[in-house]
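Chemist: I am attaching a structure below and will ask some questions about it afterwards.
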Amino acid sequence: DLFNSKDRPRPFYYNGVKFGPIHSPDAMDMVESFEVRDDDVFISAYLKSGTTWTQQIVSLVCAEGDISEVCKVPILRRTPWLETLDMKGTGEPMPKVLKSAPSPRLMKTHLPYYMLPRQARDGKGKIIYCARNVKDVVVSWHNMRLMTHNLPCGTWEENFKEFITPEQAYNGFWWDVIPEYWRHKDDGNMLFIKYEDMKQDLRGHVVKIANFLGKTLSDQRVDKVVANCTFTAMKKSPSTNFTRDPTIQEAFSKAKGSGIEFIRKGEVGDWKNWFSVEENETLEAIHREKMAGTDLTFQFE
Ligand code: A3P
């Protein structure tokens, strides 16, 4: 039981990048040479940036009419996490398990662009990348650590400092990872979307994702997808709020008694409830410097 075992690996470094204990070095070793199919979809995002939301949209879009059945299957079974072990199944590295999975394979990943399967970087399959304004990412990540049994959690101040320190940040330094994906936004097999834009126009993004995946959905079907992708629907649904899976549920709020839920607040600008004036100035200085060379902008409120 990888979520609850006391022997679970602690955070580890891979290619110089720090990863949380759910990631698996054995799985990551198999990612580079993973054989990609034309109809594969990689749903990629930095942690706490709308990964689960995008997974839900993509899997419902791909299911077209069959939404009610799909919504009964836990999100991580519909869209398995590439660089982990098959936690609820064989325990084997997911890339190995996925070899025999039927098409289309929809896969979640938190890997930086350069660690994606070589064939995906060469244009095979499709990549949907979801990015979120960094201030809300820090806050969401802190809350995730408050609720997650197996993730070490410091105070808000400590977690903030860790996030803005390149060698200490989990899953890579935000200001390295996101600009790298952005540089590939016009690649033929890449769709780059933003959390804040999805908040503003969910329906538009469902259609955009459907078009990108070559699906033509009737207005009625789009309505059905949208209805099952709202914050309220996903907070309520056991297949997306992680209460369906007893193991994961235990690793979360129950174990720490935090009362925080995975589908937590879903807002733009929650950082204002957490950041001190100094923290805001520190982060903005980094942001200005690191983003100077890109035309990628975010909405912060
Ligand atoms: P908050 O902690 O700010 O609420 P990820 O899936 O990448 O871990 O991202 C989790 C964040 O996405 C959480 O943010 C969660 O509430 C938010 N989220 C999940 N589903 C959402 C939805 N349908 N609409 C808006 N936000 C959503």
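FYI, nothing fancy with the structure tokens labels: chains A, B, ... in order, residues from 1 per chain, ligands from 1 as they appear.
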From the DSSP assignment of the backbone, select every residue of stretch 13-237 of chain A that is strand (DSSP E or B), and format the answer as a VMD selection string.

Modeler: chain A and resid 13 to 14 17 to 19 23 41 to 45 81 84 to 85 93 106 to 109 126 to 131 170 190 to 194

Chemist: Could you please extract the residues within 10 Å of ligand 1, counting only C-alpha atoms and all ligand atoms, and hand them back as a PyMOL selection string?

Modeler: chain A and resi 44-57+108-110+130-132+135-144+195-196+198-199+202+226-235+240-241+260-271

Chemist: Find the residues around stretch 30-42 of chain A up to 7 Å (only C-alpha atoms counted), leave out those fewer than 4 positions away in its own chain, and share them as an NGL selection string.

Modeler: :A and (26 or 95 or 103-109 or 115-120 or 124-128)

Chemist: Return the single residue from A:Asn133, A:Ser218, A:Ser59, A:Ser24 that is closest to A:Cys71, with distances computed using only C-alpha atoms.

Modeler: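 Checking each candidate against A:Cys71, we get A:Ser59 as the closest.
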
Chemist: Select, from A:Val73, A:Leu191, A:Ile22, A:Ile178, the residue with the minimum atom-to-atom distance to A:Asn150, counting only C-alpha atoms.

Modeler: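 So, comparing all the options, the nearest one is A:Ile22.
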
Chemist: Skip A:Asn211 itself and residues of its chain fewer than 4 positions away, then list as number ranges by chain all residues within 12 Å of it, counting only C-alpha atoms.

Modeler: A: 58, 61-62, 191, 204-207, 215-218, 222

Chemist: Counting only C-alpha atoms, which residue out of A:Leu213, A:Pro80, A:Tyr129, A:Pro74 sits closest to A:Met190?

Modeler: A:Tyr129

Chemist: How would you write, as a PyMOL selection string, the set of residues in stretch 22-161 of chain A that DSSP gives as alpha helix (DSSP H)?

Modeler: chain A and resi 25-29+51-63+67-70+75-78+94-98+118-121+134-147+156-161

Chemist: Nearest to A:Phe242: which of A:Thr148, A:Leu98, A:Val70, A:Lys208 is it, counting only C-alpha atoms?

Modeler: A:Thr148

Chemist: In Å, how far is it from atom CA of A:Asn159 to atom CA of A:Pro112?

Modeler: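 Computed distance, atom CA of A:Asn159 to atom CA of A:Pro112, equals 20.6 Å.
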